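Listing of my_file_4.cif, mmCIF, C-alpha atoms
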```cif
data_final
loop_
_atom_site.label_atom_id
_atom_site.label_comp_id
_atom_site.auth_asym_id
_atom_site.auth_seq_id
_atom_site.Cartn_x
_atom_site.Cartn_y
_atom_site.Cartn_z
CA MET O 251 -12.29 -13.41 19.52
CA SER O 252 -14.18 -11.33 16.97
CA LEU O 253 -12.69 -8.27 15.28
CA ALA O 254 -15.16 -6.11 17.21
CA GLY O 255 -13.96 -7.71 20.43
CA HIS O 256 -10.35 -7.16 19.40
CA ILE O 257 -11.04 -3.48 18.67
CA ARG O 258 -12.79 -3.03 22.02
CA ALA O 259 -10.12 -4.84 24.01
CA GLU O 260 -7.18 -3.08 22.38
CA SER O 261 -8.93 0.30 22.62
CA ALA O 262 -9.44 -0.17 26.36
CA ARG O 263 -5.89 -1.40 26.90
CA LEU O 264 -4.20 1.43 25.04
CA ALA O 265 -6.53 4.14 26.33
CA ALA O 266 -5.68 3.06 29.88
CA LEU O 267 -1.95 3.38 29.18
CA CYS O 268 -2.02 6.64 27.23
CA THR O 269 -1.27 9.79 29.22
CA GLY O 270 -2.76 12.08 26.59
CA CYS O 271 0.40 14.16 26.31
CA GLY O 272 -0.19 14.85 22.62
CA GLY O 273 3.28 13.84 21.47
CA CYS O 274 1.67 11.78 18.71
CA VAL O 275 -0.27 14.80 17.46
CA THR O 276 2.84 16.97 17.46
CA ALA O 277 4.76 14.40 15.43
CA CYS O 278 1.97 13.79 12.91
CA PRO O 279 2.72 15.06 9.37
CA MET O 280 -0.99 15.03 8.55
CA ALA O 281 -2.03 17.41 11.34
CA PRO O 282 -1.83 20.43 8.99
CA TYR O 283 -4.51 18.79 6.84
CA ALA O 284 -6.90 18.36 9.79
CA ALA O 285 -9.11 21.35 10.51
CA GLY O 286 -8.92 22.74 14.02
CA VAL O 287 -5.98 20.66 15.23
CA GLU O 288 -3.51 23.51 15.47
CA ALA O 289 -6.00 25.72 17.30
CA ALA O 290 -7.05 23.00 19.73
CA GLY O 291 -3.51 21.99 20.63
CA PRO O 292 -1.92 18.53 20.83
CA ALA O 293 -3.11 17.54 24.30
CA ALA O 294 -6.73 18.47 23.61
CA VAL O 295 -6.68 16.56 20.32
CA ALA O 296 -5.18 13.51 22.02
CA ALA O 297 -7.86 13.73 24.72
CA GLY O 298 -10.52 13.75 22.04
CA MET O 299 -8.97 10.70 20.41
CA LEU O 300 -8.95 8.90 23.75
CA ASP O 301 -12.62 9.76 24.17
CA VAL O 302 -13.35 7.99 20.87
CA LEU O 303 -11.43 4.94 22.09
CA ARG O 304 -13.66 4.97 25.21
CA ASP O 305 -16.94 4.97 23.24
CA GLY O 306 -17.24 8.77 23.30
CA ALA O 307 -18.02 11.18 20.49
CA GLY O 308 -14.63 12.90 20.52
CA THR O 309 -14.22 16.53 19.50
CA PRO O 310 -14.33 18.11 16.04
CA ALA O 311 -10.55 18.59 16.00
CA ALA O 312 -9.88 15.05 17.20
CA LEU O 313 -12.24 13.62 14.61
CA ALA O 314 -10.60 15.67 11.86
CA TRP O 315 -7.23 14.32 12.98
CA ILE O 316 -8.48 10.74 13.11
CA ALA O 317 -9.96 11.11 9.63
CA ALA O 318 -6.69 12.51 8.26
CA CYS O 319 -4.60 9.59 9.51
CA THR O 320 -2.79 7.97 6.59
CA ARG O 321 -0.70 5.55 8.67
CA SER O 322 2.55 7.50 8.55
CA GLY O 323 3.47 5.70 11.74
CA ILE O 324 5.92 8.22 13.14
CA CYS O 325 3.58 8.84 16.07
CA THR O 326 4.71 5.50 17.48
CA PRO O 327 8.40 6.32 17.97
CA ALA O 328 7.30 9.78 19.19
CA CYS O 329 5.26 8.32 22.07
CA PRO O 330 7.16 8.84 25.35
CA GLU O 331 5.27 5.91 26.89
CA GLY O 332 6.39 3.55 24.13
CA LEU O 333 2.84 2.83 23.00
CA ASP O 334 1.87 1.82 19.49
CA ALA O 335 0.25 5.17 18.78
CA ALA O 336 -0.26 4.32 15.12
CA PHE O 337 -2.39 1.36 16.13
CA MET O 338 -4.33 3.59 18.53
CA LEU O 339 -5.19 5.80 15.58
CA ARG O 340 -6.17 2.76 13.55
CA LEU O 341 -8.50 1.71 16.36
CA ALA O 342 -9.89 5.22 16.65
CA GLN O 343 -10.48 5.34 12.90
CA TRP O 344 -12.35 2.02 12.95
CA ARG O 345 -14.54 3.30 15.76
CA ALA O 346 -15.10 6.70 14.15
CA LYS O 347 -16.16 5.02 10.91
CA GLY O 348 -18.81 3.11 12.83
CA ALA O 349 -17.13 -0.28 12.62
CA LEU O 350 -18.72 -1.36 15.91
CA GLY O 351 -22.24 -0.67 14.67
CA THR O 352 -22.62 2.87 15.95
CA PRO O 353 -23.34 5.80 13.61
CA PRO O 354 -20.15 7.05 11.93
CA LEU O 355 -18.47 10.11 13.42
CA ILE O 356 -16.38 10.87 10.33
CA PRO O 357 -17.15 10.64 6.61
CA VAL O 358 -16.86 7.10 5.30
CA ARG O 359 -15.53 6.99 1.75
CA GLU O 360 -16.37 3.48 0.70
CA ASP O 361 -15.96 2.65 -2.98
CA THR O 362 -18.88 0.37 -3.79
CA GLN O 363 -17.20 -0.44 -7.10
CA TYR O 364 -13.92 -1.49 -5.48
CA SER O 365 -14.08 -5.19 -6.29
CA PRO O 366 -15.56 -4.80 -9.79
CA LYS O 367 -12.76 -2.33 -10.57
CA VAL O 368 -10.10 -4.77 -9.38
CA LYS O 369 -11.59 -7.46 -11.61
CA ALA O 370 -11.97 -5.12 -14.59
CA PHE O 371 -8.28 -4.23 -14.50
CA ALA O 372 -7.42 -7.91 -14.10
CA ARG O 373 -9.12 -8.57 -17.41
CA LEU O 374 -6.78 -6.04 -19.00
CA THR O 375 -3.50 -7.19 -17.49
CA LEU O 376 -3.85 -10.91 -16.71
CA THR O 377 -4.44 -13.80 -19.08
CA GLU O 378 -7.59 -15.85 -18.61
CA GLU O 379 -5.50 -18.64 -17.13
CA GLU O 380 -3.83 -16.24 -14.69
CA GLN O 381 -7.22 -14.85 -13.70
CA SER O 382 -8.51 -18.36 -12.97
CA ARG O 383 -5.44 -19.28 -10.91
CA TRP O 384 -4.49 -16.00 -9.22
CA LEU O 385 -7.79 -14.30 -8.38
CA MET P 273 16.47 -19.20 -13.27
CA ALA P 274 14.23 -21.27 -11.00
CA ILE P 275 15.80 -22.88 -7.98
CA ALA P 276 13.79 -25.58 -6.24
CA GLY P 277 12.94 -24.32 -2.81
CA GLU P 278 10.42 -23.29 -0.26
CA LYS P 279 6.78 -23.12 -1.24
CA ALA P 280 4.90 -19.95 -0.31
CA VAL P 281 1.86 -17.88 -1.14
CA PHE P 282 2.57 -14.58 -2.89
CA TRP P 283 -0.28 -12.43 -1.58
CA TYR P 284 -0.15 -9.54 -4.01
CA GLY P 285 -3.30 -7.80 -2.74
CA CYS P 286 -6.23 -6.24 -4.57
CA ASN P 287 -5.21 -3.28 -6.70
CA MET P 288 -2.13 -5.00 -8.06
CA THR P 289 -4.37 -6.39 -10.78
CA ARG P 290 -3.51 -3.16 -12.61
CA HIS P 291 0.08 -4.37 -12.82
CA GLY P 292 0.04 -7.93 -14.09
CA GLU P 293 3.63 -7.73 -15.27
CA VAL P 294 4.78 -6.81 -11.76
CA ILE P 295 3.05 -9.90 -10.34
CA ARG P 296 4.70 -12.10 -12.98
CA ALA P 297 8.16 -10.58 -12.61
CA THR P 298 8.03 -10.66 -8.81
CA THR P 299 7.08 -14.32 -8.93
CA ARG P 300 10.10 -15.04 -11.11
CA LEU P 301 12.43 -13.05 -8.86
CA LEU P 302 11.10 -14.95 -5.85
CA GLU P 303 11.81 -18.19 -7.70
CA ALA P 304 15.32 -16.97 -8.33
CA VAL P 305 15.92 -16.64 -4.59
CA GLY P 306 14.48 -20.08 -3.91
CA VAL P 307 10.86 -19.30 -3.09
CA GLU P 308 8.18 -20.95 -5.20
CA ALA P 309 5.37 -18.51 -4.56
CA ALA P 310 1.82 -19.00 -5.83
CA PRO P 311 0.32 -15.59 -6.67
CA THR P 312 -2.98 -14.95 -4.91
CA GLY P 313 -4.99 -11.75 -4.70
CA GLY P 314 -8.09 -9.87 -5.76
CA PRO P 315 -11.37 -9.63 -3.90
CA ALA P 316 -11.34 -13.31 -2.86
CA SER P 317 -8.13 -12.73 -0.90
CA CYS P 318 -9.03 -9.45 0.72
CA CYS P 319 -7.61 -8.20 4.03
CA GLY P 320 -10.99 -6.65 4.82
CA SER P 321 -9.89 -3.03 4.88
CA PRO P 322 -12.22 -1.89 2.08
CA LYS P 323 -14.96 -2.60 4.64
CA ASP P 324 -13.44 -0.76 7.59
CA ALA P 325 -16.81 0.74 8.46
CA SER P 326 -18.12 -2.67 9.50
CA ALA P 327 -16.06 -4.89 11.78
CA ARG P 328 -18.40 -7.77 11.02
CA ILE P 329 -17.91 -7.63 7.24
CA ASN P 330 -14.21 -6.82 7.55
CA GLU P 331 -13.73 -9.82 9.80
CA GLY P 332 -15.62 -12.12 7.46
CA MET P 333 -13.51 -11.15 4.48
CA ALA P 334 -10.29 -11.46 6.44
CA ARG P 335 -11.27 -14.83 7.88
CA ARG P 336 -12.04 -16.22 4.43
CA THR P 337 -8.60 -15.12 3.27
CA ILE P 338 -6.75 -16.64 6.21
CA GLU P 339 -8.67 -19.90 5.95
CA ALA P 340 -7.75 -20.11 2.27
CA PHE P 341 -4.10 -19.49 3.08
CA ASN P 342 -4.18 -22.05 5.89
CA ALA P 343 -5.69 -24.60 3.49
CA THR P 344 -2.74 -24.31 1.10
CA GLY P 345 -0.47 -25.85 3.72
CA ARG P 346 2.22 -23.35 2.74
CA GLN P 347 3.97 -22.03 5.80
CA LYS P 348 4.95 -18.64 4.42
CA VAL P 349 2.83 -15.82 3.02
CA VAL P 350 4.85 -13.25 1.12
CA THR P 351 3.07 -9.90 1.07
CA TRP P 352 3.35 -7.08 -1.40
CA CYS P 353 0.85 -4.51 -0.15
CA PRO P 354 1.76 -2.63 3.04
CA SER P 355 -1.90 -2.40 4.05
CA CYS P 356 -2.36 -6.16 3.72
CA HIS P 357 0.87 -6.76 5.64
CA MET P 358 -0.07 -4.45 8.52
CA ASN P 359 -3.65 -5.71 8.63
CA MET P 360 -2.45 -9.30 8.84
CA ARG P 361 -0.41 -8.43 11.91
CA ASP P 362 -2.84 -5.95 13.51
CA SER P 363 -6.31 -7.29 12.92
CA MET P 364 -6.39 -10.50 10.91
CA ALA P 365 -4.07 -12.91 12.69
CA PRO P 366 -5.13 -11.78 16.18
CA VAL P 367 -8.72 -12.78 15.29
CA THR P 368 -8.30 -15.83 13.06
CA PRO P 369 -5.50 -18.31 13.81
CA THR P 370 -2.88 -18.70 11.09
CA ASN P 371 -0.55 -21.59 10.34
CA PHE P 372 1.92 -19.50 8.33
CA GLU P 373 4.39 -16.71 8.88
CA THR P 374 3.97 -13.39 7.11
CA VAL P 375 6.95 -11.73 5.48
CA HIS P 376 7.23 -8.84 3.06
CA VAL P 377 8.52 -9.39 -0.46
CA THR P 378 11.31 -6.85 0.06
CA GLU P 379 12.60 -8.89 3.01
CA VAL P 380 12.60 -12.11 1.00
CA LEU P 381 14.37 -10.66 -2.03
CA HIS P 382 16.83 -8.75 0.14
CA ALA P 383 17.66 -11.90 2.10
CA GLY P 384 18.30 -13.67 -1.21
CA ARG P 385 20.20 -10.82 -2.85
CA GLU P 386 23.37 -12.84 -3.37
CA ARG P 387 21.31 -15.14 -5.59
CA LEU P 388 19.94 -12.16 -7.47
CA ARG P 389 23.29 -10.45 -7.96
CA PRO P 390 24.62 -12.70 -10.76
CA LEU P 391 21.32 -12.42 -12.63
CA LEU P 392 21.35 -8.62 -12.75
CA THR P 393 23.67 -8.29 -15.70
CA ARG P 394 22.03 -5.72 -17.94
CA PRO P 395 23.15 -2.17 -17.10
CA ILE P 396 20.56 0.50 -16.44
CA PRO P 397 22.14 3.94 -16.65
CA ALA P 398 19.84 5.96 -14.44
CA ARG P 399 20.01 8.29 -11.46
CA VAL P 400 17.20 7.01 -9.30
CA LEU P 401 15.38 8.66 -6.44
CA LEU P 402 13.40 6.29 -4.26
CA HIS P 403 9.81 7.34 -3.67
CA GLY P 404 9.64 6.51 0.03
CA HIS P 405 6.90 7.05 2.57
CA LEU P 406 7.20 7.59 6.30
CA GLY P 407 4.73 4.82 7.01
CA PHE P 408 5.36 1.06 6.96
CA ASP P 409 9.13 1.61 7.07
CA GLY P 410 8.91 1.20 10.85
CA ARG P 411 7.44 -2.28 10.31
CA VAL P 412 9.60 -3.37 7.39
CA PRO P 413 12.53 -1.11 6.45
CA VAL P 414 11.55 -0.90 2.79
CA ASN P 415 13.26 2.47 2.36
CA THR P 416 16.57 0.70 3.03
CA LEU P 417 15.89 -2.74 1.55
CA VAL P 418 14.77 -1.53 -1.87
CA PRO P 419 17.76 0.81 -2.48
CA ASP P 420 20.07 -2.02 -1.38
CA LEU P 421 18.55 -4.20 -4.09
CA LEU P 422 18.68 -1.44 -6.70
CA ARG P 423 22.40 -0.95 -6.04
CA LEU P 424 22.95 -4.47 -7.37
CA ILE P 425 22.02 -3.21 -10.86
CA PRO P 426 25.06 -2.21 -12.91
CA GLY P 427 25.07 1.37 -14.11
CA LEU P 428 22.32 2.48 -11.75
CA THR P 429 22.90 5.16 -9.13
CA VAL P 430 20.55 5.56 -6.19
CA VAL P 431 20.67 9.21 -5.19
CA GLU P 432 20.35 10.16 -1.55
CA HIS P 433 17.63 12.53 -0.40
CA PRO P 434 15.71 12.69 2.87
CA CYS P 435 12.34 13.39 1.20
CA ARG P 436 9.68 11.01 2.50
CA ALA P 437 5.97 11.35 1.79
CA PRO P 438 3.48 11.12 4.65
CA GLY P 439 1.29 8.05 4.93
CA HIS P 440 2.19 4.49 4.05
CA MET P 441 1.43 4.72 0.34
CA CYS P 442 -0.09 7.26 -2.00
CA SER P 443 -3.62 5.86 -2.01
CA SER P 444 -3.99 6.99 1.59
CA LEU P 445 -2.98 10.54 0.66
CA ALA P 446 -5.44 10.63 -2.22
CA GLY P 447 -8.28 10.69 0.31
CA VAL P 448 -7.03 13.86 2.05
CA PRO P 449 -7.59 17.04 0.00
CA GLY P 450 -4.31 18.58 -1.07
CA ALA P 451 -2.05 15.94 0.45
CA LEU P 452 -1.25 13.98 -2.70
CA ALA P 453 -0.43 17.07 -4.76
CA ASP P 454 1.79 18.40 -1.95
CA ALA P 455 3.64 15.08 -1.77
CA GLN P 456 4.15 15.01 -5.54
CA ARG P 457 5.49 18.57 -5.59
CA ALA P 458 7.92 17.69 -2.80
CA THR P 459 9.01 14.57 -4.71
CA LEU P 460 9.69 16.55 -7.89
CA ALA P 461 11.66 19.12 -5.91
CA ALA P 462 13.70 16.33 -4.32
CA MET P 463 14.44 14.86 -7.75
CA ALA P 464 15.67 18.23 -8.99
CA GLU P 465 17.82 18.79 -5.89
CA ALA P 466 19.36 15.34 -6.12
CA GLY P 467 19.83 15.41 -9.88
CA ALA P 468 17.66 12.34 -10.38
CA ASP P 469 16.17 11.46 -13.76
CA THR P 470 14.17 8.46 -12.58
CA LEU P 471 11.66 8.07 -9.77
CA CYS P 472 11.38 4.57 -8.34
CA THR P 473 8.15 3.60 -6.66
CA ILE P 474 7.93 0.80 -4.11
CA PHE P 475 4.20 0.20 -3.93
CA HIS P 476 1.49 -0.20 -6.53
CA SER P 477 -0.73 2.65 -5.41
CA CYS P 478 2.21 5.07 -5.50
CA HIS P 479 3.05 3.85 -8.98
CA ARG P 480 -0.55 4.33 -10.03
CA GLU P 481 -0.59 7.91 -8.76
CA LEU P 482 2.90 8.88 -9.93
CA VAL P 483 3.21 7.58 -13.51
CA GLY P 484 1.09 10.54 -14.58
CA LEU P 485 4.02 12.83 -13.70
CA GLU P 486 5.56 11.80 -17.01
CA GLN P 487 2.77 13.70 -18.76
CA ASN P 488 3.93 17.10 -17.49
CA HIS P 489 7.48 16.68 -16.21
CA PRO P 490 10.77 15.42 -17.70
CA VAL P 491 11.01 12.40 -15.41
CA THR P 492 10.75 8.64 -15.76
CA VAL P 493 8.68 6.72 -13.24
CA VAL P 494 9.35 3.03 -12.71
CA ASN P 495 8.69 0.49 -10.04
CA TRP P 496 11.59 -1.26 -8.32
CA ILE P 497 10.44 -4.57 -9.78
CA HIS P 498 10.54 -3.09 -13.28
CA LEU P 499 14.19 -2.15 -12.70
CA LEU P 500 15.22 -5.52 -11.28
CA ALA P 501 13.34 -7.33 -14.04
CA ALA P 502 14.94 -5.23 -16.79
CA SER P 503 18.41 -5.88 -15.43
CA ALA P 504 17.67 -9.60 -15.15
CA GLY P 505 16.24 -9.81 -18.66
CA ILE P 506 12.71 -10.58 -17.50
CA ALA P 507 10.08 -9.05 -19.77
CA ALA P 508 8.00 -6.59 -17.72
CA GLU P 509 6.65 -3.78 -19.84
CA ASP P 510 4.74 -1.27 -17.73
CA GLY P 511 1.26 -1.84 -19.07
CA TYR P 512 -0.45 0.51 -16.63
CA LYS P 513 1.82 3.44 -17.47
CA ALA P 514 1.21 2.88 -21.16
CA MET P 515 -2.55 3.07 -20.81
CA ARG P 516 -2.50 5.82 -18.16
CA ASN P 517 -0.33 8.15 -20.20
CA ALA P 518 -1.81 7.44 -23.60
CA ALA P 519 -3.44 10.43 -25.26
CA ASP P 520 -6.37 8.15 -26.02
CA PRO P 521 -6.49 5.10 -23.73
CA ARG P 522 -9.15 3.42 -25.88
CA ALA P 523 -7.00 3.65 -28.98
CA ALA P 524 -3.93 2.53 -27.07
CA LEU P 525 -5.64 -0.54 -25.66
CA GLY P 526 -7.57 -1.51 -28.76
CA GLU P 527 -10.99 -3.01 -29.23
CA ALA P 528 -10.07 -6.53 -28.17
CA ALA P 529 -8.77 -5.43 -24.76
CA ILE P 530 -11.83 -3.27 -24.15
CA ALA P 531 -14.07 -6.14 -25.20
CA ALA P 532 -12.32 -8.40 -22.68
CA VAL P 533 -13.37 -6.00 -19.92
CA GLY P 534 -16.74 -5.25 -21.49
CA GLU P 535 -17.73 -1.92 -22.98
CA VAL P 536 -19.89 -0.82 -20.05
CA PRO P 537 -17.49 -1.87 -17.26
CA PHE P 538 -14.59 -0.31 -19.16
CA GLY P 539 -16.39 3.02 -19.48
CA ARG P 540 -17.59 2.98 -15.87
CA LEU P 541 -14.71 1.39 -13.96
CA VAL P 542 -11.50 1.81 -15.97
CA GLU P 543 -11.67 4.78 -18.31
CA PRO P 544 -12.29 7.51 -15.69
CA GLU P 545 -9.12 6.53 -13.85
CA LEU P 546 -7.06 6.44 -17.03
CA ARG P 547 -8.28 9.87 -18.13
CA LYS P 548 -7.91 11.52 -14.73
CA ALA P 549 -5.64 14.57 -14.84
CA PRO P 550 -2.45 14.22 -12.77
CA PRO P 551 -2.51 16.31 -9.57
CA VAL P 552 0.57 18.32 -10.57
#
```
Represent the structure from my file as C-alpha cells, please.
Amino acid sequence: MSLAGHIRAESARLAALCTGCGGCVTACPMAPYAAGVEAAGPAAVAAGMLDVLRDGAGTPAALAWIAACTRSGICTPACPEGLDAAFMLRLAQWRAKGALGTPPLIPVREDTQYSPKVKAFARLTLTEEEQSRWL
Amino acid sequence: MAIAGEKAVFWYGCNMTRHGEVIRATTRLLEAVGVEAAPTGGPASCCGSPKDASARINEGMARRTIEAFNATGRQKVVTWCPSCHMNMRDSMAPVTPTNFETVHVTEVLHAGRERLRPLLTRPIPARVLLHGHLGFDGRVPVNTLVPDLLRLIPGLTVVEHPCRAPGHMCSSLAGVPGALADAQRATLAAMAEAGADTLCTIFHSCHRELVGLEQNHPVTVVNWIHLLAASAGIAAEDGYKAMRNAADPRAALGEAAIAAVGEVPFGRLVEPELRKAPPV
C-alpha cells in the first residue's frame, strides 16, 4: 500500500466510526489558538474535520483547528467512542496540507533549508568520522 | 562500561545534529545497559515528516529509511525523536514492511536502570523540574520514565508539578503564534511554584527552544541525558547551549568551527537561529 492509500483508507475508516460529538475539540489545549473554534462550537468543528477526511473543504474553524494541531494527543483518551482521535487529526492535517495532490487548504510551512541546516549543525557538533558514519 | 549485548540502530533523528554530545552520551548509556546501538540520523534517515505536504515524497523518504534499517539486520531500532517514533508506527511501518521492532530510548534505559544505578555515582545537587508535554506520553510514558531515571542520581531532587506543555515537543508549538511563549511562561511559573532551580528537557527541540531562558531568567536548563552523563562521569558539555547563549556566537565558536560549516552556510543556516531572541 502507498502512503496516499493508507491516508485514504484510514480516513474513511475513522470518519465512518466518528460520531462527530466534538469531545476531541473540547479536550484540545490548542483550540484557544485556532480562530473561530470557540464561536463555532465543538460539534461543528468536528463536523468540519470529518468533511476534510471525506475529501471535502472543511470549514474555516475546522481548518484553523487542524492547522493548530501540535499532537498533544489528549483528544484520544477524550473520545467516547475510543477512537484514535489524534491520528484522525494527523490524517486531516495531511489532507489539508495537500498531501494527496489537491491544493492545500491550510498554510504549509515547509522549510526548504531543513536538510542543509541539519548538515550545517552536524559540521559544528560531530567529528568528520562521526559525520561519515552517523549521517 | 560497555557490556556485550544486543545490537540495535540508534535512530536519533534529524535535528539532533545540534547536540552531538547527546548522541555520544546516549550511545554510551545504551551500551551500559547492554545495547550496542549504531547512531543513525540526518536527512538520509528521515521519517518523511518534513515533506508532509506530499504523500509521494514523504513515502519515498520513509521507505528509504526503513530499507536502510532492514538492511542492517539489526532487529531493534531505538528512537529518540517522538515524531520519528510516532511516524514509524503511524505511517512508515504500515506502508513499508519492517524487520525490526521500534522502541524508545527512555524505555530501553528505564528497563536497564539497575545496570545504570551503580554507574551514577557523582552527586548532582539540583532541584529539577521536568519539562513535560501532553503529547507522546500516551504512546511512551516519558513523563514517568525520565523522572524515574533522574531519581537514580545522588543529590538530585525531582520536584513534582502538574505543568505539562501542549503538543508533543516544543518545535510543534513554535509554529503556532503565541503558543511557545505561553508554554515557556507556564514552565517558569511552575519552576517558581515548585522551588526548582533546574529545568530538565526530554527532547532536543524543547532543549533548543528552552536553553535561551538562561539569558533572562535565573534558571539552569539541561537535558536528561546531560544529567545522567554527568553523574556517570561521561563527558557531555552542552555545546548547543554554549553557542546559543553566547553574546557573540561567532567569537564563541571561533574561525575554525565556522570554516568547517562554511562562511556562507553558517551565516544563512546557523547564525540566525543562534542570534534569535528568546520568546520570554
*Tell me which protein, DNA and RNA residues are within 12 Å of Ala294 of chain O, counting all atoms listed in the file, leaving out same-chain ones fewer than 6 positions away, and put them as a PyMOL selection string.*
chain O and resi 269-276+286-288+300-301+308-313+315
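Using all atoms listed in the file, the smallest distance between any of P:Val367, P:Ala453, P:Cys318, P:Cys353 and Gly255 of chain O comes from P:Val367.
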*Please, which residues are within 12 Å of (-8.9, -18.8, 5.5) by the file's coordinates, counting all atoms listed in the file, and could they come as a VMD selection string?*
chain P and resid 316 to 319 331 to 345 360 364 to 365 367 to 372
Resulting file, chosen residues, C-alpha atoms, as a PDB file, in the coordinates of the input:
```pdb
ATOM      1  CA  ALA P 316     -11.340 -13.310  -2.860  1.00  0.00           C
ATOM      2  CA  SER P 317      -8.130 -12.730  -0.900  1.00  0.00           C
ATOM      3  CA  CYS P 318      -9.030  -9.450   0.720  1.00  0.00           C
ATOM      4  CA  CYS P 319      -7.610  -8.200   4.030  1.00  0.00           C
ATOM      5  CA  GLU P 331     -13.730  -9.820   9.800  1.00  0.00           C
ATOM      6  CA  GLY P 332     -15.620 -12.120   7.460  1.00  0.00           C
ATOM      7  CA  MET P 333     -13.510 -11.150   4.480  1.00  0.00           C
ATOM      8  CA  ALA P 334     -10.290 -11.460   6.440  1.00  0.00           C
ATOM      9  CA  ARG P 335     -11.270 -14.830   7.880  1.00  0.00           C
ATOM     10  CA  ARG P 336     -12.040 -16.220   4.430  1.00  0.00           C
ATOM     11  CA  THR P 337      -8.600 -15.120   3.270  1.00  0.00           C
ATOM     12  CA  ILE P 338      -6.750 -16.640   6.210  1.00  0.00           C
ATOM     13  CA  GLU P 339      -8.670 -19.900   5.950  1.00  0.00           C
ATOM     14  CA  ALA P 340      -7.750 -20.110   2.270  1.00  0.00           C
ATOM     15  CA  PHE P 341      -4.100 -19.490   3.080  1.00  0.00           C
ATOM     16  CA  ASN P 342      -4.180 -22.050   5.890  1.00  0.00           C
ATOM     17  CA  ALA P 343      -5.690 -24.600   3.490  1.00  0.00           C
ATOM     18  CA  THR P 344      -2.740 -24.310   1.100  1.00  0.00           C
ATOM     19  CA  GLY P 345      -0.470 -25.850   3.720  1.00  0.00           C
ATOM     20  CA  MET P 360      -2.450  -9.300   8.840  1.00  0.00           C
ATOM     21  CA  MET P 364      -6.390 -10.500  10.910  1.00  0.00           C
ATOM     22  CA  ALA P 365      -4.070 -12.910  12.690  1.00  0.00           C
ATOM     23  CA  VAL P 367      -8.720 -12.780  15.290  1.00  0.00           C
ATOM     24  CA  THR P 368      -8.300 -15.830  13.060  1.00  0.00           C
ATOM     25  CA  PRO P 369      -5.500 -18.310  13.810  1.00  0.00           C
ATOM     26  CA  THR P 370      -2.880 -18.700  11.090  1.00  0.00           C
ATOM     27  CA  ASN P 371      -0.550 -21.590  10.340  1.00  0.00           C
ATOM     28  CA  PHE P 372       1.920 -19.500   8.330  1.00  0.00           C
TER      29      PHE P 372
END
```
*Hey, list the chain P side of the contact with chain O: 6 Å cut-off, all atoms listed in the file, answer as number ranges by chain.*
P: 287, 289-290, 292, 311-315, 325-327, 331, 367, 406-407, 438-440, 444, 533, 541
*Within 9 Å of file point (0.1, 2.1, -17.4), counting all atoms listed in the file, expressed as a ChimeraX atom specification*: /P:290-291,480,483-484,510-518,546
*One-decimal distance in Å that lies between atom CA of His357 of chain P and atom CA of Val375 of chain P*: 7.9 Å
*Using the chain letters and numbers from the file, give me the residues hit by the PyMOL selection byres ((chain P and resi 414) around 12), as a ChimeraX atom specification.*
/P:352-354,376-382,402-413,415-422,440-441,473-475,496
*Two-atom distance - atom CA of His489 of chain P, atom CA of Leu460 of chain P (Å)*: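 Atom CA of His489 of chain P sits 8.6 Å away from atom CA of Leu460 of chain P.
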*What does the distance from atom CA of Leu264 of chain O to atom CA of Cys442 of chain P come to in Å, to one decimal?*
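Going from atom CA of Leu264 of chain O over to atom CA of Cys442 of chain P, I get 28.0 Å.
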Extending 4 Å beyond the listed atoms of segment 266-283 of chain O on each side, what axis-aligned box results? I want centre and edge lengths in Å to one decimal, as AutoDock Vina command-line options.
```
--center_x -0.5 --center_y 11.7 --center_z 18.4 --size_x 18.4 --size_y 25.4 --size_z 31.0
```
*10 Å contact set for Met463 of chain P, all atoms listed in the file, chain neighbours under 4 positions out, as a ChimeraX atom specification*: /P:399-403,431-433,435,457-459,467-471,491
_Ranking P:Val448, P:Val350, P:Ile295, P:Asn359 by minimum distance to Ile316 of chain O and counting all atoms listed in the file, which one comes first?_
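Looking at the shortest contact to Ile316 of chain O, the residue is P:Val448.
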*asked:* Taking 5 positions as the minimum chain separation for residues in the same chain, which residues sit within 10 Å of segment 424-430 of chain P when counting all atoms listed in the file? Answer as a list in words.
replied: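 Surrounding residues, per the criterion: Arg385, Glu386, Leu388, Arg389, Pro390, Leu391, Leu392, Thr393, Arg394, Pro395, Ile396, Pro397, Ala398, Arg399, Val400, Leu401, Leu402, Pro419, Ala466, Ala468, Thr470, Leu471, Cys472, Leu499, Leu500, Ala502, Ser503 and Ala504 of chain P.
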Residues matched by the PyMOL selection byres ((chain P and resi 300) around 12) as an mmCIF file with C-alpha atoms, keeping the file's coordinate frame:
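Okay, selection37.cif is ready:
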```cif
data_model
loop_
_atom_site.group_PDB
_atom_site.id
_atom_site.type_symbol
_atom_site.label_atom_id
_atom_site.label_comp_id
_atom_site.auth_asym_id
_atom_site.auth_seq_id
_atom_site.Cartn_x
_atom_site.Cartn_y
_atom_site.Cartn_z
ATOM 1 C CA MET P 273 16.470 -19.200 -13.270
ATOM 2 C CA ALA P 274 14.230 -21.270 -11.000
ATOM 3 C CA ILE P 275 15.800 -22.880 -7.980
ATOM 4 C CA PHE P 282 2.570 -14.580 -2.890
ATOM 5 C CA GLU P 293 3.630 -7.730 -15.270
ATOM 6 C CA VAL P 294 4.780 -6.810 -11.760
ATOM 7 C CA ILE P 295 3.050 -9.900 -10.340
ATOM 8 C CA ARG P 296 4.700 -12.100 -12.980
ATOM 9 C CA ALA P 297 8.160 -10.580 -12.610
ATOM 10 C CA THR P 298 8.030 -10.660 -8.810
ATOM 11 C CA THR P 299 7.080 -14.320 -8.930
ATOM 12 C CA LEU P 301 12.430 -13.050 -8.860
ATOM 13 C CA LEU P 302 11.100 -14.950 -5.850
ATOM 14 C CA GLU P 303 11.810 -18.190 -7.700
ATOM 15 C CA ALA P 304 15.320 -16.970 -8.330
ATOM 16 C CA VAL P 305 15.920 -16.640 -4.590
ATOM 17 C CA GLY P 306 14.480 -20.080 -3.910
ATOM 18 C CA VAL P 307 10.860 -19.300 -3.090
ATOM 19 C CA GLU P 308 8.180 -20.950 -5.200
ATOM 20 C CA ALA P 309 5.370 -18.510 -4.560
ATOM 21 C CA ALA P 310 1.820 -19.000 -5.830
ATOM 22 C CA PRO P 311 0.320 -15.590 -6.670
ATOM 23 C CA LEU P 381 14.370 -10.660 -2.030
ATOM 24 C CA LEU P 388 19.940 -12.160 -7.470
ATOM 25 C CA LEU P 391 21.320 -12.420 -12.630
ATOM 26 C CA ILE P 497 10.440 -4.570 -9.780
ATOM 27 C CA LEU P 500 15.220 -5.520 -11.280
ATOM 28 C CA ALA P 501 13.340 -7.330 -14.040
ATOM 29 C CA ALA P 504 17.670 -9.600 -15.150
ATOM 30 C CA GLY P 505 16.240 -9.810 -18.660
ATOM 31 C CA ILE P 506 12.710 -10.580 -17.500
ATOM 32 C CA ALA P 507 10.080 -9.050 -19.770
ATOM 33 C CA ALA P 508 8.000 -6.590 -17.720
#
```
